$ cat query.pdb   # PDB, C-alpha atoms
ATOM      1  CA  VAL A1077      -2.990  32.512   9.930  1.00  0.00           C
ATOM      2  CA  MET A1078      -0.856  32.774  13.066  1.00  0.00           C
ATOM      3  CA  LEU A1079       1.407  35.804  13.050  1.00  0.00           C
ATOM      4  CA  ASP A1080       4.592  36.369  15.029  1.00  0.00           C
ATOM      5  CA  ASP A1081       4.131  38.666  17.997  1.00  0.00           C
ATOM      6  CA  ILE A1082       6.103  41.899  18.130  1.00  0.00           C
ATOM      7  CA  ASP A1083       8.163  42.482  21.273  1.00  0.00           C
ATOM      8  CA  GLY A1084       6.199  44.537  23.754  1.00  0.00           C
ATOM      9  CA  ALA A1085       2.896  44.147  21.891  1.00  0.00           C
ATOM     10  CA  LEU A1086      -0.129  45.171  23.955  1.00  0.00           C
ATOM     11  CA  TRP A1087      -2.148  42.366  22.359  1.00  0.00           C
ATOM     12  CA  ARG A1088      -0.870  38.860  21.544  1.00  0.00           C
ATOM     13  CA  HIS A1089      -2.320  37.032  18.554  1.00  0.00           C
ATOM     14  CA  GLU A1090      -2.712  33.825  20.564  1.00  0.00           C
ATOM     15  CA  ALA A1091      -4.776  35.671  23.166  1.00  0.00           C
ATOM     16  CA  LEU A1092      -6.943  37.237  20.468  1.00  0.00           C
ATOM     17  CA  GLU A1093      -7.549  33.818  18.956  1.00  0.00           C
ATOM     18  CA  ALA A1094      -8.554  32.529  22.384  1.00  0.00           C
ATOM     19  CA  ALA A1095     -11.077  35.380  22.662  1.00  0.00           C
ATOM     20  CA  ARG A1096     -12.938  34.189  19.557  1.00  0.00           C
ATOM     21  CA  LEU A1097     -16.713  34.041  19.885  1.00  0.00           C
ATOM     22  CA  HIS A1098     -19.047  32.240  17.494  1.00  0.00           C
ATOM     23  CA  GLU A1099     -22.441  33.450  18.670  1.00  0.00           C
ATOM     24  CA  VAL A1100     -23.498  36.909  19.803  1.00  0.00           C
ATOM     25  CA  PRO A1101     -24.842  36.928  23.375  1.00  0.00           C
ATOM     26  CA  GLU A1102     -27.663  39.164  24.533  1.00  0.00           C
ATOM     27  CA  LEU A1103     -26.323  42.723  24.472  1.00  0.00           C
ATOM     28  CA  ALA A1104     -27.492  45.595  26.640  1.00  0.00           C
ATOM     29  CA  ARG A1105     -26.008  48.268  24.418  1.00  0.00           C
ATOM     30  CA  VAL A1106     -24.227  48.656  21.063  1.00  0.00           C
ATOM     31  CA  VAL A1107     -22.045  51.540  19.920  1.00  0.00           C
ATOM     32  CA  VAL A1108     -20.223  52.458  16.727  1.00  0.00           C
ATOM     33  CA  ALA A1109     -16.923  54.246  17.279  1.00  0.00           C
ATOM     34  CA  VAL A1110     -15.347  56.354  14.545  1.00  0.00           C
ATOM     35  CA  ASP A1111     -11.797  57.661  14.166  1.00  0.00           C
ATOM     36  CA  PRO A1112     -12.187  59.967  11.154  1.00  0.00           C
ATOM     37  CA  PRO A1113      -9.277  60.890   8.876  1.00  0.00           C
ATOM     38  CA  VAL A1114      -8.222  64.476   8.270  1.00  0.00           C
ATOM     39  CA  THR A1115      -8.437  64.124   4.481  1.00  0.00           C
ATOM     40  CA  GLY A1116     -10.307  61.869   2.061  1.00  0.00           C
ATOM     41  CA  HIS A1117      -8.023  61.017  -0.858  1.00  0.00           C
ATOM     42  CA  LYS A1118      -6.115  57.905  -1.929  1.00  0.00           C
ATOM     43  CA  GLY A1119      -3.140  58.522   0.364  1.00  0.00           C
ATOM     44  CA  SER A1120      -5.240  59.393   3.420  1.00  0.00           C
ATOM     45  CA  ASP A1121      -5.406  57.368   6.600  1.00  0.00           C
ATOM     46  CA  ALA A1122      -8.293  54.931   6.827  1.00  0.00           C
ATOM     47  CA  CYS A1123     -11.426  55.896   8.683  1.00  0.00           C
ATOM     48  CA  GLY A1124     -11.586  53.567  11.669  1.00  0.00           C
ATOM     49  CA  ILE A1125     -15.140  52.319  12.263  1.00  0.00           C
ATOM     50  CA  VAL A1126     -15.626  49.621  14.904  1.00  0.00           C
ATOM     51  CA  VAL A1127     -18.886  48.216  16.277  1.00  0.00           C
ATOM     52  CA  ALA A1128     -18.961  46.750  19.790  1.00  0.00           C
ATOM     53  CA  GLY A1129     -21.661  45.606  22.185  1.00  0.00           C
ATOM     54  CA  LEU A1130     -21.960  45.440  25.956  1.00  0.00           C
ATOM     55  CA  GLU A1131     -22.789  42.244  27.823  1.00  0.00           C
ATOM     56  CA  ALA A1132     -23.906  43.605  31.195  1.00  0.00           C
ATOM     57  CA  SER A1133     -23.854  40.499  33.380  1.00  0.00           C
ATOM     58  CA  GLY A1134     -24.033  42.404  36.672  1.00  0.00           C
ATOM     59  CA  GLU A1135     -24.987  45.747  38.174  1.00  0.00           C
ATOM     60  CA  GLU A1136     -21.400  46.967  38.486  1.00  0.00           C
ATOM     61  CA  PRO A1137     -19.175  47.770  35.483  1.00  0.00           C
ATOM     62  CA  LYS A1138     -16.445  45.519  36.914  1.00  0.00           C
ATOM     63  CA  ASP A1139     -18.640  42.565  35.942  1.00  0.00           C
ATOM     64  CA  TRP A1140     -19.329  43.740  32.398  1.00  0.00           C
ATOM     65  CA  CYS A1141     -17.886  42.285  29.205  1.00  0.00           C
ATOM     66  CA  ALA A1142     -17.818  43.468  25.601  1.00  0.00           C
ATOM     67  CA  VAL A1143     -18.054  41.858  22.189  1.00  0.00           C
ATOM     68  CA  VAL A1144     -16.403  43.383  19.123  1.00  0.00           C
ATOM     69  CA  LEU A1145     -18.982  42.794  16.399  1.00  0.00           C
ATOM     70  CA  GLU A1146     -17.572  44.327  13.235  1.00  0.00           C
ATOM     71  CA  ASP A1147     -14.679  46.284  11.790  1.00  0.00           C
ATOM     72  CA  ALA A1148     -16.397  48.485   9.203  1.00  0.00           C
ATOM     73  CA  SER A1149     -13.359  50.701   8.560  1.00  0.00           C
ATOM     74  CA  ILE A1150     -12.937  52.089   5.055  1.00  0.00           C
ATOM     75  CA  GLU A1151     -10.003  53.565   3.160  1.00  0.00           C
ATOM     76  CA  ALA A1152      -9.651  56.464   0.730  1.00  0.00           C
ATOM     77  CA  ALA A1153     -13.163  57.618   1.590  1.00  0.00           C
ATOM     78  CA  SER A1154     -14.560  61.111   1.326  1.00  0.00           C
ATOM     79  CA  PRO A1155     -16.014  62.597   4.531  1.00  0.00           C
ATOM     80  CA  LEU A1156     -19.545  61.925   3.335  1.00  0.00           C
ATOM     81  CA  ASP A1157     -18.633  58.329   2.420  1.00  0.00           C
ATOM     82  CA  TRP A1158     -17.272  57.491   5.865  1.00  0.00           C
ATOM     83  CA  ALA A1159     -20.230  59.176   7.532  1.00  0.00           C
ATOM     84  CA  ARG A1160     -22.550  56.973   5.477  1.00  0.00           C
ATOM     85  CA  ALA A1161     -20.461  53.879   6.305  1.00  0.00           C
ATOM     86  CA  ALA A1162     -20.629  54.614  10.040  1.00  0.00           C
ATOM     87  CA  LEU A1163     -24.387  55.143   9.939  1.00  0.00           C
ATOM     88  CA  ALA A1164     -24.871  51.989   7.865  1.00  0.00           C
ATOM     89  CA  ALA A1165     -22.921  50.010  10.487  1.00  0.00           C
ATOM     90  CA  ALA A1166     -25.098  51.522  13.203  1.00  0.00           C
ATOM     91  CA  GLU A1167     -28.236  50.472  11.332  1.00  0.00           C
ATOM     92  CA  ARG A1168     -26.953  46.918  10.726  1.00  0.00           C
ATOM     93  CA  HIS A1169     -26.335  46.366  14.417  1.00  0.00           C
ATOM     94  CA  GLY A1170     -29.109  48.484  15.916  1.00  0.00           C
ATOM     95  CA  ALA A1171     -26.537  50.697  17.632  1.00  0.00           C
ATOM     96  CA  ASP A1172     -27.615  53.034  20.406  1.00  0.00           C
ATOM     97  CA  ARG A1173     -24.986  55.684  19.692  1.00  0.00           C
ATOM     98  CA  ILE A1174     -22.150  56.767  17.443  1.00  0.00           C
ATOM     99  CA  VAL A1175     -19.013  57.916  19.251  1.00  0.00           C
ATOM    100  CA  ALA A1176     -16.467  59.853  17.207  1.00  0.00           C
ATOM    101  CA  GLU A1177     -13.128  61.496  17.921  1.00  0.00           C
ATOM    102  CA  VAL A1178     -13.244  65.189  17.024  1.00  0.00           C
ATOM    103  CA  ASN A1179      -9.651  66.290  17.593  1.00  0.00           C
ATOM    104  CA  GLN A1180      -9.147  66.780  13.864  1.00  0.00           C
ATOM    105  CA  GLY A1181     -12.597  67.469  12.457  1.00  0.00           C
ATOM    106  CA  GLY A1182     -14.231  69.345  15.324  1.00  0.00           C
ATOM    107  CA  ASP A1183     -17.914  70.166  14.811  1.00  0.00           C
ATOM    108  CA  LEU A1184     -17.672  69.028  11.184  1.00  0.00           C
ATOM    109  CA  VAL A1185     -17.758  65.372  12.306  1.00  0.00           C
ATOM    110  CA  GLU A1186     -21.199  65.703  13.875  1.00  0.00           C
ATOM    111  CA  THR A1187     -22.392  67.930  11.029  1.00  0.00           C
ATOM    112  CA  LEU A1188     -21.497  65.279   8.460  1.00  0.00           C
ATOM    113  CA  LEU A1189     -23.272  62.514  10.348  1.00  0.00           C
ATOM    114  CA  ARG A1190     -26.394  64.618  10.855  1.00  0.00           C
ATOM    115  CA  GLN A1191     -26.372  65.568   7.203  1.00  0.00           C
ATOM    116  CA  VAL A1192     -27.093  61.902   6.481  1.00  0.00           C
ATOM    117  CA  ASP A1193     -29.211  61.158   9.564  1.00  0.00           C
ATOM    118  CA  PRO A1194     -30.409  64.201  11.562  1.00  0.00           C
ATOM    119  CA  THR A1195     -31.720  61.991  14.391  1.00  0.00           C
ATOM    120  CA  VAL A1196     -28.533  60.023  15.083  1.00  0.00           C
ATOM    121  CA  SER A1197     -27.494  59.725  18.730  1.00  0.00           C
ATOM    122  CA  PHE A1198     -23.997  61.177  18.715  1.00  0.00           C
ATOM    123  CA  ARG A1199     -21.259  61.736  21.264  1.00  0.00           C
ATOM    124  CA  ALA A1200     -18.056  63.612  20.529  1.00  0.00           C
ATOM    125  CA  VAL A1201     -14.874  62.463  22.288  1.00  0.00           C
ATOM    126  CA  ARG A1202     -11.570  64.280  22.376  1.00  0.00           C
ATOM    127  CA  ALA A1203      -8.172  62.640  22.897  1.00  0.00           C
ATOM    128  CA  SER A1204      -6.184  64.313  25.655  1.00  0.00           C
ATOM    129  CA  ARG A1205      -3.569  61.539  25.946  1.00  0.00           C
ATOM    130  CA  GLY A1206      -1.418  59.668  23.449  1.00  0.00           C
ATOM    131  CA  LYS A1207      -2.540  56.548  21.624  1.00  0.00           C
ATOM    132  CA  VAL A1208      -0.595  54.144  23.857  1.00  0.00           C
ATOM    133  CA  ALA A1209      -1.884  55.704  27.080  1.00  0.00           C
ATOM    134  CA  ARG A1210      -5.445  55.347  25.800  1.00  0.00           C
ATOM    135  CA  ALA A1211      -4.904  51.797  24.528  1.00  0.00           C
ATOM    136  CA  GLU A1212      -3.299  50.282  27.628  1.00  0.00           C
ATOM    137  CA  PRO A1213      -6.460  50.244  29.815  1.00  0.00           C
ATOM    138  CA  VAL A1214      -8.333  48.608  26.927  1.00  0.00           C
ATOM    139  CA  ALA A1215      -5.579  45.995  26.551  1.00  0.00           C
ATOM    140  CA  ALA A1216      -6.016  45.285  30.275  1.00  0.00           C
ATOM    141  CA  LEU A1217      -9.679  44.417  29.648  1.00  0.00           C
ATOM    142  CA  TYR A1218      -8.499  41.754  27.200  1.00  0.00           C
ATOM    143  CA  GLU A1219      -6.052  40.392  29.780  1.00  0.00           C
ATOM    144  CA  GLN A1220      -8.980  40.043  32.184  1.00  0.00           C
ATOM    145  CA  GLY A1221     -10.917  38.055  29.570  1.00  0.00           C
ATOM    146  CA  ARG A1222     -13.601  40.723  29.341  1.00  0.00           C
ATOM    147  CA  VAL A1223     -13.540  41.321  25.574  1.00  0.00           C
ATOM    148  CA  ARG A1224     -14.359  38.790  22.876  1.00  0.00           C
ATOM    149  CA  HIS A1225     -14.224  38.952  19.087  1.00  0.00           C
ATOM    150  CA  LEU A1226     -16.466  37.668  16.354  1.00  0.00           C
ATOM    151  CA  ALA A1227     -14.788  36.268  13.260  1.00  0.00           C
ATOM    152  CA  GLY A1228     -13.796  38.548  10.395  1.00  0.00           C
ATOM    153  CA  LEU A1229     -11.705  41.055  12.348  1.00  0.00           C
ATOM    154  CA  GLY A1230      -8.348  40.160  10.807  1.00  0.00           C
ATOM    155  CA  ALA A1231      -7.333  43.676   9.736  1.00  0.00           C
ATOM    156  CA  LEU A1232      -8.202  45.091  13.140  1.00  0.00           C
ATOM    157  CA  GLU A1233      -6.377  42.291  14.964  1.00  0.00           C
ATOM    158  CA  ASP A1234      -3.300  42.814  12.799  1.00  0.00           C
ATOM    159  CA  GLU A1235      -3.187  46.467  13.884  1.00  0.00           C
ATOM    160  CA  MET A1236      -3.715  45.441  17.507  1.00  0.00           C
ATOM    161  CA  GLY A1237      -0.730  43.098  17.258  1.00  0.00           C
ATOM    162  CA  ARG A1238       1.438  46.031  16.144  1.00  0.00           C
ATOM    163  CA  MET A1239       0.565  48.282  19.076  1.00  0.00           C
ATOM    164  CA  THR A1240       3.345  48.269  21.670  1.00  0.00           C
ATOM    165  CA  ALA A1241       4.187  50.203  24.798  1.00  0.00           C
ATOM    166  CA  GLN A1242       6.585  52.225  22.639  1.00  0.00           C
ATOM    167  CA  GLY A1243       3.982  53.069  19.988  1.00  0.00           C
ATOM    168  CA  TYR A1244       2.552  51.643  16.785  1.00  0.00           C
ATOM    169  CA  GLN A1245       5.024  49.437  14.898  1.00  0.00           C
ATOM    170  CA  GLY A1246       3.349  49.622  11.516  1.00  0.00           C
ATOM    171  CA  SER A1247       2.929  51.944   8.588  1.00  0.00           C
ATOM    172  CA  GLY A1248       0.422  54.762   8.744  1.00  0.00           C
ATOM    173  CA  SER A1249      -1.860  55.255  11.715  1.00  0.00           C
ATOM    174  CA  PRO A1250      -3.690  52.571  13.758  1.00  0.00           C
ATOM    175  CA  ASP A1251      -7.111  53.980  12.933  1.00  0.00           C
ATOM    176  CA  ARG A1252      -8.939  50.704  13.553  1.00  0.00           C
ATOM    177  CA  VAL A1253      -7.342  50.375  16.986  1.00  0.00           C
ATOM    178  CA  ASP A1254      -8.225  53.975  17.812  1.00  0.00           C
ATOM    179  CA  ALA A1255     -11.865  53.275  16.997  1.00  0.00           C
ATOM    180  CA  LEU A1256     -11.768  50.076  19.074  1.00  0.00           C
ATOM    181  CA  VAL A1257     -10.354  51.986  22.029  1.00  0.00           C
ATOM    182  CA  TRP A1258     -13.124  54.593  21.842  1.00  0.00           C
ATOM    183  CA  ALA A1259     -15.804  51.903  21.620  1.00  0.00           C
ATOM    184  CA  LEU A1260     -14.603  49.957  24.666  1.00  0.00           C
ATOM    185  CA  THR A1261     -13.938  53.140  26.615  1.00  0.00           C
ATOM    186  CA  GLU A1262     -17.537  54.195  26.001  1.00  0.00           C
ATOM    187  CA  LEU A1263     -18.968  50.775  26.933  1.00  0.00           C
ATOM    188  CA  ILE A1264     -16.853  49.793  29.956  1.00  0.00           C
ATOM    189  CA  LEU A1265     -14.069  52.138  31.049  1.00  0.00           C
ATOM    190  CA  GLU A1266     -16.066  55.341  31.425  1.00  0.00           C
ATOM    191  CA  PRO A1267     -18.976  53.703  33.282  1.00  0.00           C
ATOM    192  CA  ALA A1268     -16.434  52.033  35.574  1.00  0.00           C
ATOM    193  CA  ALA A1269     -14.707  55.353  36.271  1.00  0.00           C
ATOM    194  CA  LYS A1270     -18.038  56.996  37.131  1.00  0.00           C
ATOM    195  CA  TRP A1271     -18.970  54.071  39.395  1.00  0.00           C
ATOM    196  CA  ARG A1272     -15.729  54.455  41.364  1.00  0.00           C
ATOM    197  CA  ARG A1273     -16.210  58.168  42.007  1.00  0.00           C
ATOM    198  CA  PRO A1274     -17.263  58.913  45.604  1.00  0.00           C
ATOM    199  CA  LYS A1275     -20.954  59.685  45.854  1.00  0.00           C
ATOM    200  CA  LEU A1276     -21.860  62.651  48.067  1.00  0.00           C
ATOM    201  CA  ARG A1277     -24.811  62.291  50.335  1.00  0.00           C
ATOM    202  CA  SER A1278     -26.726  65.203  51.858  1.00  0.00           C
ATOM    203  CA  LEU A1279     -27.439  65.102  55.594  1.00  0.00           C
TER     204      LEU A1279
END

$ encode --input "query.pdb" --output "structure tokens"
Amino acid sequence: VMLDDIDGALWRHEALEAARLHEVPELARVVVAVDPPVTGHKGSDACGIVVAGLEASGEEPKDWCAVVLEDASIEAASPLDWARAALAAAERHGADRIVAEVNQGGDLVETLLRQVDPTVSFRAVRASRGKVARAEPVAALYEQGRVRHLAGLGALEDEMGRMTAQGYQGSGSPDRVDALVWALTELILEPAAKWRRPKLRSL
């Protein structure tokens, strides 16, 4: 179903359709990113859970691409339910790490995940900028043709189409997009930022 684009949208539906991928390439790394809700009742925000993999086709991050493998987001879930859903997604895809935003839940986020799986590889991330500022560099990766999507990501893509430079033009919070942003930041943007930093050499 082709949807009308919203003025100023960071992602265009036509471009997302063009990024469709039918087979998963060899992946160097897979992560599950989680944007947990503050509460876990019927009226709560969804828990964004997005799985993405890295296709490292060169030594430098500027040559890397990513594949969005699954949107495993769930709604009206208790904290323990979304922790189990995130870990189940990690097991399905053989993920190397779970990355989760901890602005709202703090240490509780890691505690919940380790309550289910004490050995999980976990990294906490904290948002210091607004949603649009975090999303724009990820949208640029799409413009460069460096992110592709498997089928079955309709709900995520609908949220992406509602993200604009002025903010999210939809109801509720773009939890799926937030999780996507954390996943692609972990796979591509942060390694690229580290690569660009000047390296000091002792004499």

$ resolve_selection --input "query.pdb" --expression "the PyMOL selection byres ((chain A and resi 1224-1232) around 7)" --output "MDAnalysis selection string"
chainID A and resid 1095:1098 1142:1147 1222:1223 1233:1236 1252:1253

$ closest_residue --input "query.pdb" --among "A:Ala1161, A:Leu1103, A:Ala1148, A:Ala1091" --to "A:Ala1132" --atoms "all atoms listed in the file"
A:Leu1103

$ closest_residue --input "query.pdb" --among "A:Pro1112, A:Pro1101, A:Gly1237, A:Gly1206" --to "A:Ser1149" --atoms "all atoms listed in the file"
A:Pro1112

$ closest_residue --input "query.pdb" --among "A:Ala1269, A:Val1126, A:Ile1150, A:Ala1211" --to "A:Val1175" --atoms "only C-alpha atoms"
A:Val1126

$ residues_around --input "query.pdb" --residues "A:Thr1240" --least-positions-apart "4" --cutoff "7 Å" --atoms "only C-alpha atoms" --output "PyMOL selection string"
chain A and resi 1084-1086+1244

$ residues_around --input "query.pdb" --residues "A:Val1178" --least-positions-apart "4" --cutoff "9 Å" --atoms "all atoms listed in the file" --output "JSON, numbers by chain"
{"A": [1111, 1112, 1182, 1183, 1184, 1185, 1186, 1200, 1201, 1202, 1203]}

$ closest_residue --input "query.pdb" --among "A:Ile1174, A:Leu1217, A:Val1108, A:Val1192" --to "A:Pro1155" --atoms "only C-alpha atoms"
A:Val1192

$ closest_residue --input "query.pdb" --among "A:Gln1242, A:Gln1220, A:Ser1247, A:Gln1191" --to "A:Lys1138" --atoms "all atoms listed in the file"
A:Gln1220

$ resolve_selection --input "query.pdb" --expression "the PyMOL selection byres ((chain A and resi 1164-1172) around 7)" --output "list in words"
Arg1105, Val1106, Val1107, Val1108, Ala1148, Arg1160, Ala1161, Ala1162, Leu1163, Arg1173 and Ser1197 of chain A

$ decode --input "query.pdb" --residues "stretch 1157-1182 of chain A" --atoms "N, CA, C and O atoms" --output "mmCIF file, in the first residue's frame"
data_model
loop_
_atom_site.group_PDB
_atom_site.id
_atom_site.type_symbol
_atom_site.label_atom_id
_atom_site.label_comp_id
_atom_site.auth_asym_id
_atom_site.auth_seq_id
_atom_site.Cartn_x
_atom_site.Cartn_y
_atom_site.Cartn_z
ATOM 1 N N ASP A 1157 7.551 -8.553 30.225
ATOM 2 C CA ASP A 1157 7.142 -9.022 28.900
ATOM 3 C C ASP A 1157 8.018 -8.429 27.804
ATOM 4 O O ASP A 1157 8.430 -9.140 26.878
ATOM 5 N N TRP A 1158 8.291 -7.118 27.878
ATOM 6 C CA TRP A 1158 9.118 -6.547 26.805
ATOM 7 C C TRP A 1158 10.575 -6.990 26.921
ATOM 8 O O TRP A 1158 11.272 -7.126 25.908
ATOM 9 N N ALA A 1159 11.024 -7.245 28.135
ATOM 10 C CA ALA A 1159 12.383 -7.773 28.287
ATOM 11 C C ALA A 1159 12.482 -9.149 27.629
ATOM 12 O O ALA A 1159 13.446 -9.453 26.917
ATOM 13 N N ARG A 1160 11.457 -9.987 27.870
ATOM 14 C CA ARG A 1160 11.449 -11.306 27.237
ATOM 15 C C ARG A 1160 11.354 -11.201 25.723
ATOM 16 O O ARG A 1160 11.992 -11.971 24.992
ATOM 17 N N ALA A 1161 10.561 -10.247 25.217
ATOM 18 C CA ALA A 1161 10.421 -10.078 23.765
ATOM 19 C C ALA A 1161 11.741 -9.647 23.136
ATOM 20 O O ALA A 1161 12.116 -10.117 22.053
ATOM 21 N N ALA A 1162 12.460 -8.757 23.801
ATOM 22 C CA ALA A 1162 13.752 -8.293 23.276
ATOM 23 C C ALA A 1162 14.761 -9.431 23.250
ATOM 24 O O ALA A 1162 15.500 -9.619 22.271
ATOM 25 N N LEU A 1163 14.797 -10.224 24.310
ATOM 26 C CA LEU A 1163 15.738 -11.339 24.367
ATOM 27 C C LEU A 1163 15.365 -12.432 23.376
ATOM 28 O O LEU A 1163 16.243 -13.073 22.790
ATOM 29 N N ALA A 1164 14.062 -12.638 23.154
ATOM 30 C CA ALA A 1164 13.637 -13.618 22.158
ATOM 31 C C ALA A 1164 14.059 -13.189 20.758
ATOM 32 O O ALA A 1164 14.496 -14.006 19.941
ATOM 33 N N ALA A 1165 13.950 -11.875 20.469
ATOM 34 C CA ALA A 1165 14.394 -11.358 19.172
ATOM 35 C C ALA A 1165 15.892 -11.544 19.012
ATOM 36 O O ALA A 1165 16.384 -11.893 17.925
ATOM 37 N N ALA A 1166 16.632 -11.314 20.089
ATOM 38 C CA ALA A 1166 18.085 -11.499 20.039
ATOM 39 C C ALA A 1166 18.436 -12.956 19.758
ATOM 40 O O ALA A 1166 19.345 -13.249 18.974
ATOM 41 N N GLU A 1167 17.697 -13.871 20.356
ATOM 42 C CA GLU A 1167 17.963 -15.298 20.130
ATOM 43 C C GLU A 1167 17.604 -15.702 18.705
ATOM 44 O O GLU A 1167 18.344 -16.465 18.061
ATOM 45 N N ARG A 1168 16.492 -15.186 18.186
ATOM 46 C CA ARG A 1168 16.076 -15.537 16.810
ATOM 47 C C ARG A 1168 17.131 -15.154 15.792
ATOM 48 O O ARG A 1168 17.332 -15.860 14.793
ATOM 49 N N HIS A 1169 17.769 -14.022 16.016
ATOM 50 C CA HIS A 1169 18.700 -13.489 15.013
ATOM 51 C C HIS A 1169 20.164 -13.671 15.396
ATOM 52 O O HIS A 1169 21.047 -13.173 14.684
ATOM 53 N N GLY A 1170 20.429 -14.325 16.507
ATOM 54 C CA GLY A 1170 21.817 -14.511 16.928
ATOM 55 C C GLY A 1170 22.510 -13.189 17.187
ATOM 56 O O GLY A 1170 23.673 -12.991 16.789
ATOM 57 N N ALA A 1171 21.811 -12.271 17.847
ATOM 58 C CA ALA A 1171 22.341 -10.919 18.059
ATOM 59 C C ALA A 1171 23.560 -10.930 18.973
ATOM 60 O O ALA A 1171 23.666 -11.736 19.901
ATOM 61 N N ASP A 1172 24.466 -10.007 18.709
ATOM 62 C CA ASP A 1172 25.673 -9.870 19.514
ATOM 63 C C ASP A 1172 25.443 -9.027 20.762
ATOM 64 O O ASP A 1172 26.172 -9.157 21.741
ATOM 65 N N ARG A 1173 24.440 -8.133 20.703
ATOM 66 C CA ARG A 1173 24.241 -7.215 21.825
ATOM 67 C C ARG A 1173 22.831 -6.662 21.811
ATOM 68 O O ARG A 1173 22.200 -6.549 20.752
ATOM 69 N N ILE A 1174 22.340 -6.327 23.003
ATOM 70 C CA ILE A 1174 21.114 -5.548 23.136
ATOM 71 C C ILE A 1174 21.491 -4.148 23.573
ATOM 72 O O ILE A 1174 22.262 -3.961 24.518
ATOM 73 N N VAL A 1175 20.980 -3.162 22.849
ATOM 74 C CA VAL A 1175 21.205 -1.751 23.158
ATOM 75 C C VAL A 1175 19.877 -1.166 23.598
ATOM 76 O O VAL A 1175 18.870 -1.327 22.903
ATOM 77 N N ALA A 1176 19.843 -0.503 24.748
ATOM 78 C CA ALA A 1176 18.571 0.016 25.244
ATOM 79 C C ALA A 1176 18.740 1.423 25.804
ATOM 80 O O ALA A 1176 19.720 1.726 26.490
ATOM 81 N N GLU A 1177 17.761 2.271 25.493
ATOM 82 C CA GLU A 1177 17.749 3.626 26.049
ATOM 83 C C GLU A 1177 17.344 3.546 27.523
ATOM 84 O O GLU A 1177 16.383 2.853 27.878
ATOM 85 N N VAL A 1178 18.059 4.287 28.365
ATOM 86 C CA VAL A 1178 17.810 4.198 29.807
ATOM 87 C C VAL A 1178 17.416 5.540 30.410
ATOM 88 O O VAL A 1178 17.462 5.698 31.628
ATOM 89 N N ASN A 1179 17.027 6.495 29.569
ATOM 90 C CA ASN A 1179 16.626 7.797 30.115
ATOM 91 C C ASN A 1179 15.489 7.672 31.121
ATOM 92 O O ASN A 1179 15.454 8.378 32.122
ATOM 93 N N GLN A 1180 14.538 6.796 30.831
ATOM 94 C CA GLN A 1180 13.371 6.654 31.696
ATOM 95 C C GLN A 1180 13.581 5.586 32.766
ATOM 96 O O GLN A 1180 13.289 5.804 33.934
ATOM 97 N N GLY A 1181 14.074 4.434 32.377
ATOM 98 C CA GLY A 1181 14.146 3.316 33.310
ATOM 99 C C GLY A 1181 15.425 3.196 34.103
ATOM 100 O O GLY A 1181 15.474 2.469 35.095
ATOM 101 N N GLY A 1182 16.490 3.887 33.680
ATOM 102 C CA GLY A 1182 17.752 3.806 34.387
ATOM 103 C C GLY A 1182 18.275 2.381 34.494
ATOM 104 O O GLY A 1182 18.167 1.582 33.565
#
